[in-house]
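Okay, input-v6.pdb is below, PDB, C-alpha atoms and all ligand atoms:
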```pdb
ATOM      1  CA  MET A   1       9.695  -5.965  19.636
ATOM      2  CA  SER A   2       6.507  -3.900  19.441
ATOM      3  CA  TYR A   3       6.226  -0.407  17.950
ATOM      4  CA  ASN A   4       2.492   0.058  18.605
ATOM      5  CA  LEU A   5       2.107   0.506  14.843
ATOM      6  CA  LEU A   6      -1.494  -0.723  14.739
ATOM      7  CA  LYS A   7      -2.908   0.719  17.944
ATOM      8  CA  GLY A   8      -6.654   1.323  17.539
ATOM      9  CA  LYS A   9      -6.841  -0.416  14.151
ATOM     10  CA  ARG A  10      -9.426  -3.113  13.385
ATOM     11  CA  GLY A  11      -9.137  -5.890  10.851
ATOM     12  CA  ILE A  12     -10.066  -9.239   9.358
ATOM     13  CA  ILE A  13      -7.454 -11.984   8.914
ATOM     14  CA  PHE A  14      -8.216 -14.829   6.491
ATOM     15  CA  GLY A  15      -6.293 -18.109   6.312
ATOM     16  CA  ALA A  16      -4.729 -19.048   9.682
ATOM     17  CA  LEU A  17      -4.836 -22.860   9.689
ATOM     18  CA  ASP A  18      -2.023 -23.833  12.051
ATOM     19  CA  GLU A  19       1.053 -22.263  13.612
ATOM     20  CA  ASN A  20       3.009 -22.557  10.336
ATOM     21  CA  SER A  21       0.484 -20.459   8.409
ATOM     22  CA  ILE A  22       1.659 -17.036   7.291
ATOM     23  CA  ALA A  23      -1.698 -15.664   8.509
ATOM     24  CA  TRP A  24      -1.069 -17.167  11.967
ATOM     25  CA  LYS A  25       2.257 -15.342  12.351
ATOM     26  CA  THR A  26       0.663 -12.162  11.006
ATOM     27  CA  ALA A  27      -2.143 -12.388  13.568
ATOM     28  CA  LEU A  28       0.422 -12.702  16.369
ATOM     29  CA  ARG A  29       2.363  -9.658  15.109
ATOM     30  CA  VAL A  30      -0.770  -7.560  14.577
ATOM     31  CA  HIS A  31      -1.819  -8.383  18.136
ATOM     32  CA  GLU A  32       1.604  -7.343  19.447
ATOM     33  CA  GLU A  33       1.308  -4.063  17.555
ATOM     34  CA  GLY A  34      -1.998  -3.240  19.228
ATOM     35  CA  GLY A  35      -4.443  -4.153  16.432
ATOM     36  CA  THR A  36      -7.694  -6.024  17.041
ATOM     37  CA  PHE A  37      -9.213  -8.404  14.511
ATOM     38  CA  VAL A  38     -11.595 -11.182  13.621
ATOM     39  CA  LEU A  39     -10.090 -14.473  12.458
ATOM     40  CA  THR A  40     -11.804 -16.337   9.647
ATOM     41  CA  ASN A  41     -11.317 -19.516   7.672
ATOM     42  CA  ALA A  42     -13.365 -22.095   5.758
ATOM     43  CA  PRO A  43     -15.552 -24.134   8.147
ATOM     44  CA  VAL A  44     -13.704 -27.375   7.318
ATOM     45  CA  SER A  45     -10.317 -25.736   8.016
ATOM     46  CA  ILE A  46     -11.597 -24.458  11.350
ATOM     47  CA  ARG A  47     -12.584 -28.002  12.305
ATOM     48  CA  MET A  48      -9.277 -29.510  11.149
ATOM     49  CA  GLY A  49      -6.876 -26.734  12.157
ATOM     50  CA  GLN A  50      -5.858 -25.108  15.436
ATOM     51  CA  ILE A  51      -7.362 -21.656  15.027
ATOM     52  CA  ASP A  52      -9.029 -21.775  18.503
ATOM     53  CA  GLU A  53      -5.592 -21.631  20.070
ATOM     54  CA  LEU A  54      -4.715 -18.511  18.058
ATOM     55  CA  ALA A  55      -8.034 -16.860  18.946
ATOM     56  CA  GLU A  56      -7.351 -17.424  22.628
ATOM     57  CA  LYS A  57      -3.792 -16.083  22.389
ATOM     58  CA  THR A  58      -4.890 -12.917  20.604
ATOM     59  CA  GLY A  59      -8.271 -12.363  22.292
ATOM     60  CA  SER A  60     -10.028 -12.656  18.921
ATOM     61  CA  GLN A  61     -13.314 -14.101  17.764
ATOM     62  CA  ILE A  62     -13.580 -16.598  14.905
ATOM     63  CA  ILE A  63     -16.194 -16.295  12.169
ATOM     64  CA  PRO A  64     -16.345 -19.231   9.734
ATOM     65  CA  ALA A  65     -16.604 -18.165   6.077
ATOM     66  CA  ASP A  66     -15.964 -19.907   2.803
ATOM     67  CA  ALA A  67     -14.194 -17.162   0.856
ATOM     68  CA  THR A  68     -15.932 -18.273  -2.352
ATOM     69  CA  SER A  69     -19.401 -17.649  -0.856
ATOM     70  CA  GLU A  70     -20.766 -14.124  -1.247
ATOM     71  CA  ASP A  71     -23.319 -14.792   1.517
ATOM     72  CA  ASP A  72     -20.651 -15.944   3.959
ATOM     73  CA  LEU A  73     -18.512 -12.908   3.158
ATOM     74  CA  LYS A  74     -21.416 -10.506   3.627
ATOM     75  CA  LYS A  75     -22.172 -11.947   7.053
ATOM     76  CA  LEU A  76     -18.483 -11.955   7.935
ATOM     77  CA  VAL A  77     -18.071  -8.264   7.147
ATOM     78  CA  GLU A  78     -21.271  -7.244   8.980
ATOM     79  CA  GLN A  79     -20.459  -9.301  12.072
ATOM     80  CA  SER A  80     -16.823  -8.183  12.138
ATOM     81  CA  MET A  81     -17.850  -4.508  12.286
ATOM     82  CA  GLU A  82     -20.260  -5.321  15.128
ATOM     83  CA  ILE A  83     -17.663  -7.288  17.103
ATOM     84  CA  LEU A  84     -14.834  -4.808  16.544
ATOM     85  CA  GLY A  85     -17.016  -1.734  17.081
ATOM     86  CA  GLY A  86     -16.610   0.058  13.767
ATOM     87  CA  LYS A  87     -15.293   0.022  10.227
ATOM     88  CA  ILE A  88     -12.280  -2.039   9.154
ATOM     89  CA  ASP A  89      -8.721  -0.716   8.761
ATOM     90  CA  PHE A  90      -6.870  -3.780   7.481
ATOM     91  CA  VAL A  91      -7.585  -7.086   5.735
ATOM     92  CA  LEU A  92      -5.229  -9.991   5.038
ATOM     93  CA  HIS A  93      -6.208 -12.417   2.257
ATOM     94  CA  SER A  94      -3.971 -15.439   2.895
ATOM     95  CA  ILE A  95      -5.830 -18.103   0.942
ATOM     96  CA  GLY A  96      -4.629 -20.554  -1.678
ATOM     97  CA  MET A  97      -5.640 -23.995  -2.880
ATOM     98  CA  SER A  98      -5.313 -26.015  -6.098
ATOM     99  CA  ILE A  99      -7.035 -29.379  -6.369
ATOM    100  CA  ASN A 100      -4.828 -30.236  -9.366
ATOM    101  CA  VAL A 101      -1.756 -29.695  -7.170
ATOM    102  CA  ARG A 102      -3.277 -31.535  -4.261
ATOM    103  CA  LYS A 103      -4.221 -34.570  -6.356
ATOM    104  CA  GLY A 104      -0.980 -34.624  -8.351
ATOM    105  CA  LYS A 105      -2.632 -33.789 -11.696
ATOM    106  CA  HIS A 106       0.011 -32.596 -14.162
ATOM    107  CA  TYR A 107      -0.236 -29.107 -15.720
ATOM    108  CA  THR A 108      -0.661 -30.695 -19.157
ATOM    109  CA  ASP A 109      -3.479 -32.941 -17.933
ATOM    110  CA  GLN A 110      -5.771 -30.566 -16.027
ATOM    111  CA  ASN A 111      -9.132 -31.512 -14.619
ATOM    112  CA  TYR A 112     -10.821 -28.223 -15.526
ATOM    113  CA  ALA A 113     -13.522 -28.505 -12.868
ATOM    114  CA  TRP A 114     -10.681 -28.579 -10.339
ATOM    115  CA  THR A 115      -8.878 -25.744 -12.143
ATOM    116  CA  GLN A 116     -12.016 -23.585 -11.876
ATOM    117  CA  LYS A 117     -12.487 -24.414  -8.200
ATOM    118  CA  GLY A 118      -8.854 -23.505  -7.509
ATOM    119  CA  THR A 119      -9.255 -20.196  -9.343
ATOM    120  CA  ASP A 120     -12.384 -19.388  -7.379
ATOM    121  CA  VAL A 121     -10.706 -20.135  -4.035
ATOM    122  CA  SER A 122      -7.262 -18.682  -4.742
ATOM    123  CA  ALA A 123      -7.999 -15.624  -6.903
ATOM    124  CA  MET A 124     -11.653 -14.734  -7.441
ATOM    125  CA  SER A 125     -12.200 -14.915  -3.670
ATOM    126  CA  PHE A 126      -9.994 -11.812  -3.432
ATOM    127  CA  HIS A 127     -12.345  -9.937  -5.739
ATOM    128  CA  LYS A 128     -15.329 -11.213  -3.735
ATOM    129  CA  VAL A 129     -13.775 -10.099  -0.442
ATOM    130  CA  MET A 130     -13.065  -6.621  -1.791
ATOM    131  CA  GLN A 131     -16.433  -6.246  -3.521
ATOM    132  CA  THR A 132     -18.182  -7.180  -0.273
ATOM    133  CA  LEU A 133     -16.145  -4.629   1.693
ATOM    134  CA  TYR A 134     -16.628  -1.972  -0.985
ATOM    135  CA  LYS A 135     -20.390  -2.388  -1.297
ATOM    136  CA  ALA A 136     -20.869  -2.364   2.483
ATOM    137  CA  ASP A 137     -18.627   0.727   2.700
ATOM    138  CA  ALA A 138     -16.875  -1.245   5.438
ATOM    139  CA  MET A 139     -13.327   0.138   5.094
ATOM    140  CA  ASN A 140     -12.049   3.216   6.894
ATOM    141  CA  GLU A 141     -10.197   5.814   4.830
ATOM    142  CA  TRP A 142      -6.471   4.991   4.589
ATOM    143  CA  GLY A 143      -7.232   1.357   5.273
ATOM    144  CA  SER A 144      -5.043  -1.348   3.776
ATOM    145  CA  ILE A 145      -5.787  -4.661   2.050
ATOM    146  CA  VAL A 146      -3.034  -7.225   1.419
ATOM    147  CA  ALA A 147      -3.063 -10.571  -0.403
ATOM    148  CA  LEU A 148      -0.222 -13.079  -0.624
ATOM    149  CA  THR A 149       1.225 -14.274  -3.903
ATOM    150  CA  TYR A 150       4.192 -16.072  -5.455
ATOM    151  CA  MET A 151       6.602 -15.254  -8.272
ATOM    152  CA  ALA A 152       5.293 -18.094 -10.437
ATOM    153  CA  ALA A 153       2.860 -15.389 -11.606
ATOM    154  CA  GLN A 154       5.764 -13.852 -13.582
ATOM    155  CA  ARG A 155       8.242 -16.716 -14.192
ATOM    156  CA  VAL A 156       7.952 -20.415 -14.927
ATOM    157  CA  PHE A 157       8.058 -22.798 -11.971
ATOM    158  CA  PRO A 158       6.725 -26.009 -13.576
ATOM    159  CA  ASP A 159       5.449 -27.760 -10.451
ATOM    160  CA  TYR A 160       3.498 -24.723  -9.265
ATOM    161  CA  ASN A 161       0.950 -25.917 -11.808
ATOM    162  CA  ASP A 162      -2.323 -23.953 -12.195
ATOM    163  CA  MET A 163      -1.497 -21.886  -9.100
ATOM    164  CA  ALA A 164       0.714 -19.786 -11.427
ATOM    165  CA  GLU A 165      -2.357 -18.531 -13.294
ATOM    166  CA  ASN A 166      -4.265 -18.090 -10.034
ATOM    167  CA  LYS A 167      -1.524 -15.849  -8.679
ATOM    168  CA  ALA A 168      -1.348 -13.820 -11.916
ATOM    169  CA  TYR A 169      -5.127 -13.330 -11.684
ATOM    170  CA  LEU A 170      -4.890 -12.410  -7.989
ATOM    171  CA  GLU A 171      -2.209  -9.779  -8.661
ATOM    172  CA  SER A 172      -4.257  -8.271 -11.463
ATOM    173  CA  ILE A 173      -7.326  -8.046  -9.218
ATOM    174  CA  ALA A 174      -5.207  -6.184  -6.641
ATOM    175  CA  ARG A 175      -4.368  -3.535  -9.248
ATOM    176  CA  SER A 176      -7.817  -3.272 -10.810
ATOM    177  CA  PHE A 177      -9.824  -3.193  -7.590
ATOM    178  CA  GLY A 178      -7.074  -1.152  -5.948
ATOM    179  CA  TYR A 179      -7.766   1.620  -8.457
ATOM    180  CA  PHE A 180     -11.452   1.887  -7.486
ATOM    181  CA  PHE A 181     -10.787   1.395  -3.780
ATOM    182  CA  GLY A 182      -8.137   4.125  -3.875
ATOM    183  CA  ARG A 183     -10.170   6.580  -5.923
ATOM    184  CA  ASP A 184     -13.445   6.131  -4.042
ATOM    185  CA  LYS A 185     -12.467   5.216  -0.483
ATOM    186  CA  LYS A 186      -8.751   6.074  -0.091
ATOM    187  CA  VAL A 187      -7.988   2.435   0.629
ATOM    188  CA  ARG A 188      -4.748   0.846  -0.581
ATOM    189  CA  VAL A 189      -4.457  -2.655  -2.059
ATOM    190  CA  ASN A 190      -1.206  -4.568  -2.509
ATOM    191  CA  THR A 191       0.127  -8.090  -2.925
ATOM    192  CA  ILE A 192       3.225  -9.452  -1.212
ATOM    193  CA  SER A 193       5.184 -11.958  -3.278
ATOM    194  CA  GLN A 194       6.672 -14.250  -0.662
ATOM    195  CA  SER A 195       9.574 -16.753  -0.766
ATOM    196  CA  PRO A 196       8.679 -20.451  -0.638
ATOM    197  CA  THR A 197       7.668 -21.082   2.968
ATOM    198  CA  PRO A 198       7.107 -24.424   4.743
ATOM    199  CA  THR A 199       3.345 -24.327   5.406
ATOM    200  CA  THR A 200       0.505 -26.725   4.566
ATOM    201  CA  ALA A 201      -0.206 -24.943   1.250
ATOM    202  CA  GLY A 202       3.497 -24.492   0.391
ATOM    203  CA  SER A 203       4.571 -28.040   1.155
ATOM    204  CA  GLY A 204       1.771 -29.384  -1.064
ATOM    205  CA  VAL A 205       3.708 -28.289  -4.169
ATOM    206  CA  LYS A 206       5.605 -31.213  -5.760
ATOM    207  CA  GLY A 207       9.372 -31.010  -5.208
ATOM    208  CA  PHE A 208       8.939 -28.338  -2.536
ATOM    209  CA  ASP A 209      12.174 -29.272  -0.697
ATOM    210  CA  GLY A 210      14.252 -28.713  -3.845
ATOM    211  CA  PHE A 211      12.323 -25.537  -4.558
ATOM    212  CA  ILE A 212      13.012 -23.990  -1.176
ATOM    213  CA  ALA A 213      16.684 -25.078  -1.083
ATOM    214  CA  TYR A 214      17.288 -23.617  -4.566
ATOM    215  CA  SER A 215      15.769 -20.246  -3.735
ATOM    216  CA  GLU A 216      17.675 -20.168  -0.439
ATOM    217  CA  LYS A 217      20.940 -20.509  -2.398
ATOM    218  CA  MET A 218      19.858 -17.976  -5.023
ATOM    219  CA  SER A 219      18.801 -15.202  -2.647
ATOM    220  CA  PRO A 220      21.528 -12.945  -1.223
ATOM    221  CA  LEU A 221      19.565 -12.637   2.026
ATOM    222  CA  GLY A 222      18.158 -16.174   1.984
ATOM    223  CA  ASN A 223      14.454 -17.052   1.921
ATOM    224  CA  ALA A 224      12.007 -14.795   3.776
ATOM    225  CA  THR A 225      10.302 -16.725   6.587
ATOM    226  CA  ALA A 226       6.615 -16.625   7.492
ATOM    227  CA  MET A 227       7.526 -14.244  10.329
ATOM    228  CA  ASP A 228       9.397 -11.978   7.870
ATOM    229  CA  CYS A 229       6.195 -11.883   5.824
ATOM    230  CA  ALA A 230       4.159 -11.038   8.927
ATOM    231  CA  ASN A 231       6.523  -8.166   9.723
ATOM    232  CA  TYR A 232       6.327  -6.796   6.187
ATOM    233  CA  THR A 233       2.543  -7.057   6.264
ATOM    234  CA  ILE A 234       2.191  -5.004   9.437
ATOM    235  CA  THR A 235       4.146  -2.180   7.828
ATOM    236  CA  LEU A 236       1.609  -2.219   4.991
ATOM    237  CA  PHE A 237      -1.245  -2.125   7.518
ATOM    238  CA  SER A 238       0.352   0.804   9.352
ATOM    239  CA  ASP A 239       0.100   4.519   8.577
ATOM    240  CA  LEU A 240       3.769   4.503   7.499
ATOM    241  CA  THR A 241       2.875   3.229   4.004
ATOM    242  CA  LYS A 242      -0.192   5.344   3.256
ATOM    243  CA  ARG A 243       0.495   5.928  -0.432
ATOM    244  CA  VAL A 244       1.806   2.507  -1.352
ATOM    245  CA  THR A 245      -0.873   0.932  -3.502
ATOM    246  CA  LEU A 246      -1.426  -1.210  -6.648
ATOM    247  CA  GLN A 247       1.960  -2.826  -6.003
ATOM    248  CA  ASN A 248       3.239  -6.363  -6.109
ATOM    249  CA  LEU A 249       5.962  -6.244  -3.449
ATOM    250  CA  TYR A 250       8.665  -8.892  -3.261
ATOM    251  CA  ASN A 251       9.548 -10.249   0.163
ATOM    252  CA  ASP A 252      12.034 -12.819  -1.082
ATOM    253  CA  GLY A 253      15.576 -12.041   0.092
ATOM    254  CA  GLY A 254      16.381 -10.620  -3.364
ATOM    255  CA  PHE A 255      15.526 -13.779  -5.347
ATOM    256  CA  SER A 256      13.384 -12.026  -7.953
ATOM    257  CA  ASN A 257      16.239  -9.884  -9.265
ATOM    258  CA  MET A 258      18.877 -12.620  -9.374
ATOM    259  CA  GLY A 259      20.212 -14.276 -12.526
ATOM    260  CA  VAL A 260      22.459 -16.781 -10.827
ATOM    261  CA  SER A 261      24.383 -16.907  -7.537
ATOM    262  CA  GLU A 262      27.795 -18.400  -6.770
ATOM    263  CA  GLY A 263      26.073 -20.877  -4.462
ATOM    264  CA  VAL A 264      23.946 -22.212  -7.324
ATOM    265  CA  LEU A 265      26.815 -22.132  -9.857
ATOM    266  CA  GLU A 266      28.941 -24.311  -7.601
ATOM    267  CA  ALA A 267      26.611 -27.212  -8.239
ATOM    268  CA  PHE A 268      27.513 -27.081 -11.960
ATOM    269  CA  VAL A 269      31.218 -26.172 -11.936
ATOM    270  CA  ASP A 270      33.644 -28.925 -12.906
ATOM    271  CA  ASN A 271      36.250 -28.932 -10.118
ATOM    272  CA  GLN A 272      38.756 -31.205 -11.957
TER
HETATM  273  N1  LIG B   1       3.927 -21.259   1.553
HETATM  274  C1  LIG B   1       4.492 -20.732   0.473
HETATM  275  O1  LIG B   1       5.516 -21.220  -0.045
HETATM  276  C2  LIG B   1       3.896 -19.494  -0.121
HETATM  277  C3  LIG B   1       4.694 -18.667  -0.955
HETATM  278  C4  LIG B   1       4.103 -17.539  -1.526
HETATM  279  C5  LIG B   1       2.763 -17.248  -1.287
HETATM  280  N2  LIG B   1       2.022 -18.086  -0.474
HETATM  281  C6  LIG B   1       0.606 -17.768  -0.259
HETATM  282  O2  LIG B   1       0.380 -17.466   1.092
HETATM  283  C7  LIG B   1      -1.013 -17.674   1.377
HETATM  284  C8  LIG B   1      -1.150 -18.448   2.676
HETATM  285  O3  LIG B   1      -0.706 -19.766   2.534
HETATM  286  P1  LIG B   1       0.215 -20.503   3.614
HETATM  287  O4  LIG B   1       1.496 -20.812   2.919
HETATM  288  O5  LIG B   1       0.238 -19.762   4.903
HETATM  289  O6  LIG B   1      -0.540 -21.920   3.771
HETATM  290  P2  LIG B   1      -1.772 -22.387   4.683
HETATM  291  O7  LIG B   1      -2.130 -23.721   4.136
HETATM  292  O8  LIG B   1      -1.411 -22.303   6.112
HETATM  293  O9  LIG B   1      -2.918 -21.319   4.362
HETATM  294  C9  LIG B   1      -3.817 -21.435   3.267
HETATM  295  C10 LIG B   1      -5.187 -21.103   3.833
HETATM  296  O10 LIG B   1      -6.188 -21.026   2.817
HETATM  297  C11 LIG B   1      -7.396 -21.402   3.462
HETATM  298  N3  LIG B   1      -8.478 -21.702   2.530
HETATM  299  C12 LIG B   1      -8.515 -22.682   1.572
HETATM  300  N4  LIG B   1      -9.724 -22.690   0.970
HETATM  301  C13 LIG B   1     -10.460 -21.691   1.541
HETATM  302  C14 LIG B   1     -11.781 -21.197   1.344
HETATM  303  N5  LIG B   1     -12.602 -21.733   0.423
HETATM  304  N6  LIG B   1     -12.216 -20.157   2.118
HETATM  305  C15 LIG B   1     -11.414 -19.604   3.053
HETATM  306  N7  LIG B   1     -10.137 -20.029   3.278
HETATM  307  C16 LIG B   1      -9.681 -21.057   2.530
HETATM  308  C17 LIG B   1      -6.947 -22.654   4.228
HETATM  309  O11 LIG B   1      -7.909 -23.071   5.176
HETATM  310  C18 LIG B   1      -5.659 -22.164   4.849
HETATM  311  O12 LIG B   1      -5.894 -21.568   6.102
HETATM  312  C19 LIG B   1      -1.599 -18.365   0.146
HETATM  313  O13 LIG B   1      -2.187 -17.394  -0.703
HETATM  314  C20 LIG B   1      -0.360 -18.926  -0.516
HETATM  315  O14 LIG B   1      -0.541 -19.179  -1.893
HETATM  316  C21 LIG B   1       2.570 -19.172   0.118
END
```

Step by step, read the file and then write its structure as C-alpha cells.
Ligand SMILES: NC(=O)c1ccc[n+]([C@@H]2O[C@H](COP(=O)([O-])OP(=O)(O)OC[C@H]3O[C@@H](n4cnc5c(N)ncnc54)[C@H](O)[C@@H]3O)[C@@H](O)[C@H]2O)c1
Amino acid sequence: MSYNLLKGKRGIIFGALDENSIAWKTALRVHEEGGTFVLTNAPVSIRMGQIDELAEKTGSQIIPADATSEDDLKKLVEQSMEILGGKIDFVLHSIGMSINVRKGKHYTDQNYAWTQKGTDVSAMSFHKVMQTLYKADAMNEWGSIVALTYMAAQRVFPDYNDMAENKAYLESIARSFGYFFGRDKKVRVNTISQSPTPTTAGSGVKGFDGFIAYSEKMSPLGNATAMDCANYTITLFSDLTKRVTLQNLYNDGGFSNMGVSEGVLEAFVDNQ
C-alpha cells in the first residue's frame, strides 16, 4: 500500500546488493511512496550484484562509490544533486563488512589490518558520508539520514565479532554528527537497530541460523523482516517524524527489552 509519504523527495540509497538486501527493499518502498533517488554501491559489488535490475524497476541511476573514499563520495553527492535536480532529502547508509568475520578470524585473534578496514567500511564511512553532505550543504532542511545497526553494540553476541565495536562506533557517530546537522541544517540523523535478517552480510555471521531462530523465539512479535525495516525507514524519511533525531531505534519485534520468553525457556525445562 502506498501513502505518497515521500512525494517530491530526493535521496541517495547506499548498499543494495541483491534482492535480499535491506537497502533493496527500502528502495522499492521509497519508489512506491513517490521518492526519487540515486543508487550507489562499491564498484565491485555493482559488478557482482544485481543492482541494475533494481535501477530499472525504480527508474533510478547508479553511481559507483566506495564509501571509504572521500573523492568518490564528493563526486557521488555532486552528481546526485545534478541527476535529481536539487538538494537531498533522505540518505540511507546500509553498509557493513568485517574481514575478520568473513575469513573466520576469532574475536580473540584479530588481524588488526582487517579490523581497521572493517571499521572504515562499516562505521567511519558514515562519518565520511555525512561530512561530505554537510560540507557541500547538500541536504534540504528537515532532511533525514538513517544508518542500520545491530544490538551487538549494546549486548554481547560473541560471533558478531568486531562488528559489535563497528556498530557502537556507528551509533555514536549518528548522535555526534546528528547534533551538528540538527543545529546547523535542521537535518535529523538516526540509526535503526534491526533484527537478524537473512542477507549476504547477515548470513556471513557464524552460527547465523541459531542466532535468527533464537531471536525469533525471544521476540513477542517475532523478528522484523527486511521489508519491515524498509517500512520503518520510510517513516523516518517522511515529514511525520520531523523531530525524531539522535536516536537508536529498535525494529526488532520487542527483542531488546526481553529477559526470557516462554518459547526459549521450554528448551531448558525438564518435562519429567
Ligand atoms: N542482516 C542482518 O542481520 C542485519 C541486522 C542488523 C543490521 N544490519 C545492517 O544492515 C546493513 C545492510 O546489510 P544487509 O543485511 O542488507 O546486507 P547486504 O550484504 O545486502 O548489504 C551490505 C552492503 O554493504 C555494501 N558495502 C560493503 N563495502 C562497501 C564499501 N566499501 N562501499 C560501499 N558499500 C559497501 C555491500 O556492497 C552491500 O551492498 C548493514 O549495515 C548491516 O550491518 C544487518

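The shortest atom-to-atom distance to Lys117 of chain A, with only C-alpha atoms taken into account, belongs to A:Ile99 out of A:Leu6, A:Ala67, A:Ile99, A:Ile88.
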
Set out as JSON lines a contact list for segment 201-250 of chain A and segment 166-190 of chain A with a cut-off of 12 Å, giving each residue of segment 201-250 of chain A that qualifies its closest atom pair and distance in Å to one decimal, counting all atoms listed in the file, ordered by chain and rising residue number.
```
{"residue": "A:Tyr232", "atom": "CA", "partner": "A:Asn190", "partner_atom": "CA", "distance": 11.7}
{"residue": "A:Thr233", "atom": "CA", "partner": "A:Asn190", "partner_atom": "CA", "distance": 9.9}
{"residue": "A:Thr235", "atom": "CA", "partner": "A:Asn190", "partner_atom": "CA", "distance": 11.9}
{"residue": "A:Leu236", "atom": "CA", "partner": "A:Asn190", "partner_atom": "CA", "distance": 8.3}
{"residue": "A:Phe237", "atom": "CA", "partner": "A:Arg188", "partner_atom": "CA", "distance": 9.3}
{"residue": "A:Ser238", "atom": "CA", "partner": "A:Arg188", "partner_atom": "CA", "distance": 11.2}
{"residue": "A:Asp239", "atom": "CA", "partner": "A:Arg188", "partner_atom": "CA", "distance": 11.0}
{"residue": "A:Thr241", "atom": "CA", "partner": "A:Arg188", "partner_atom": "CA", "distance": 9.2}
{"residue": "A:Lys242", "atom": "CA", "partner": "A:Arg188", "partner_atom": "CA", "distance": 7.5}
{"residue": "A:Arg243", "atom": "CA", "partner": "A:Arg188", "partner_atom": "CA", "distance": 7.3}
{"residue": "A:Val244", "atom": "CA", "partner": "A:Arg188", "partner_atom": "CA", "distance": 6.8}
{"residue": "A:Thr245", "atom": "CA", "partner": "A:Arg188", "partner_atom": "CA", "distance": 4.9}
{"residue": "A:Leu246", "atom": "CA", "partner": "A:Arg175", "partner_atom": "CA", "distance": 4.6}
{"residue": "A:Gln247", "atom": "CA", "partner": "A:Asn190", "partner_atom": "CA", "distance": 5.0}
{"residue": "A:Asn248", "atom": "CA", "partner": "A:Asn190", "partner_atom": "CA", "distance": 6.0}
{"residue": "A:Leu249", "atom": "CA", "partner": "A:Asn190", "partner_atom": "CA", "distance": 7.4}
{"residue": "A:Tyr250", "atom": "CA", "partner": "A:Asn190", "partner_atom": "CA", "distance": 10.8}
```

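Straight-line separation from atom CA of Gly143 of chain A to atom CA of Met1 of chain A: 23.4 Å.
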
Q. So which residues are near ligand LIG 1 (chain B), meaning at most 8 Å away with all atoms listed in the file counted, given back as a VMD selection string?
A. chain A and resid 14 to 24 40 to 46 49 65 to 68 93 to 97 121 to 122 125 147 to 151 163 167 192 to 203 226

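Shell of Gly85 of chain A at 12 Å, with only C-alpha atoms counted and residues fewer than 6 places along the chain excluded, is A:Gly8, A:Lys9, A:Arg10, A:Gly11, A:Thr36, A:Phe37, A:Val38, A:Val77, A:Glu78, A:Gln79, A:Ala138.
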
**Q.** Given only C-alpha atoms as the counted atoms, nearest of A:Gly259, A:Gly35, A:Pro64, A:Gly118 to Glu165 of chain A
**A.** A:Gly118

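Remark: for Asp89 of chain A, the closest of the candidate residues A:Thr191, A:Ser144, A:Asn4, A:Ser215 is A:Ser144 (distances computed over all atoms listed in the file).
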
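Closest approach to Asn140 of chain A from the set A:Ala123, A:Leu28, A:Ala153, A:Met81 is made by A:Met81, with distances taken over all atoms listed in the file.
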
(Q) Can you translate the PyMOL selection byres (((chain A and resi 70) around 12) and not hetatm) into the concrete residues it hits in this file, as a PyMOL selection string? (A) chain A and resi 65-69+71-77+120+124-133+135

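Closest approach to Lys7 of chain A among A:Arg29, A:Thr115, A:Ile212, A:Met258: A:Arg29, based on only C-alpha atoms.
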
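Across the structure, atom CA of Glu53 of chain A and atom CA of Ser98 of chain A are spaced 26.5 Å apart.
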
Q | Which residue of A:Thr108, A:Gln61, A:Gln50, A:Asn257 approaches Pro220 of chain A most closely, using all atoms listed in the file | A | A:Asn257

(Q) Could you tell me how far atom CA of Glu216 of chain A sits from atom CA of Tyr107 of chain A, in Å to one decimal place? (A) 25.2 Å

Q.
I'd like the neighbourhood of Val101 of chain A as a VMD selection string, where a residue qualifies if any of its atoms comes within 9 Å (using all atoms listed in the file), though same-chain residues fewer than 3 positions away should be ignored.
A. chain A and resid 97 to 98 104 to 107 159 to 163 204 to 206

Q. Can you list, as a list in words, the residues that the PyMOL selection byres (((chain A and resi 59) around 12) and not hetatm) selects here?
A. Ala27, Leu28, Val30, His31, Glu32, Gly34, Gly35, Thr36, Phe37, Val38, Leu39, Ile51, Asp52, Glu53, Leu54, Ala55, Glu56, Lys57, Thr58, Ser60, Gln61, Ile62, Ile83 and Leu84 of chain A

Edge lengths and centre in Å, axis-aligned, segment 26-34 of chain A plus 6 Å each side, as JSON:
```
{"center_x": 0.1, "center_y": -8.0, "center_z": 15.2, "size_x": 16.5, "size_y": 21.5, "size_z": 20.4}
```

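Here, the PyMOL selection byres (((chain A and resi 260) around 12) and not hetatm) matches Tyr214, Ser215, Glu216, Lys217, Met218, Ser219, Pro220, Gly254, Phe255, Ser256, Asn257, Met258, Gly259, Ser261, Glu262, Gly263, Val264, Leu265, Glu266, Ala267 and Phe268 of chain A.
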
Output segment 48-54 of chain A with N, CA and C atoms present, as a CSV table (one decimal), keeping the file's coordinate frame.
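The result, stored in out_29.csv:
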```
chain,number,residue,atom,x,y,z
A,48,MET,N,-10.5,-28.7,11.2
A,48,MET,CA,-9.3,-29.5,11.1
A,48,MET,C,-8.0,-28.8,11.7
A,49,GLY,N,-8.1,-27.5,11.7
A,49,GLY,CA,-6.9,-26.7,12.2
A,49,GLY,C,-6.9,-26.4,13.6
A,50,GLN,N,-6.0,-25.4,14.0
A,50,GLN,CA,-5.9,-25.1,15.4
A,50,GLN,C,-6.2,-23.6,15.7
A,51,ILE,N,-7.1,-23.1,15.0
A,51,ILE,CA,-7.4,-21.7,15.0
A,51,ILE,C,-7.9,-21.2,16.4
A,52,ASP,N,-8.5,-22.1,17.1
A,52,ASP,CA,-9.0,-21.8,18.5
A,52,ASP,C,-7.9,-21.3,19.4
A,53,GLU,N,-6.8,-22.0,19.3
A,53,GLU,CA,-5.6,-21.6,20.1
A,53,GLU,C,-5.1,-20.2,19.8
A,54,LEU,N,-5.1,-19.9,18.5
A,54,LEU,CA,-4.7,-18.5,18.1
A,54,LEU,C,-5.7,-17.5,18.6
```
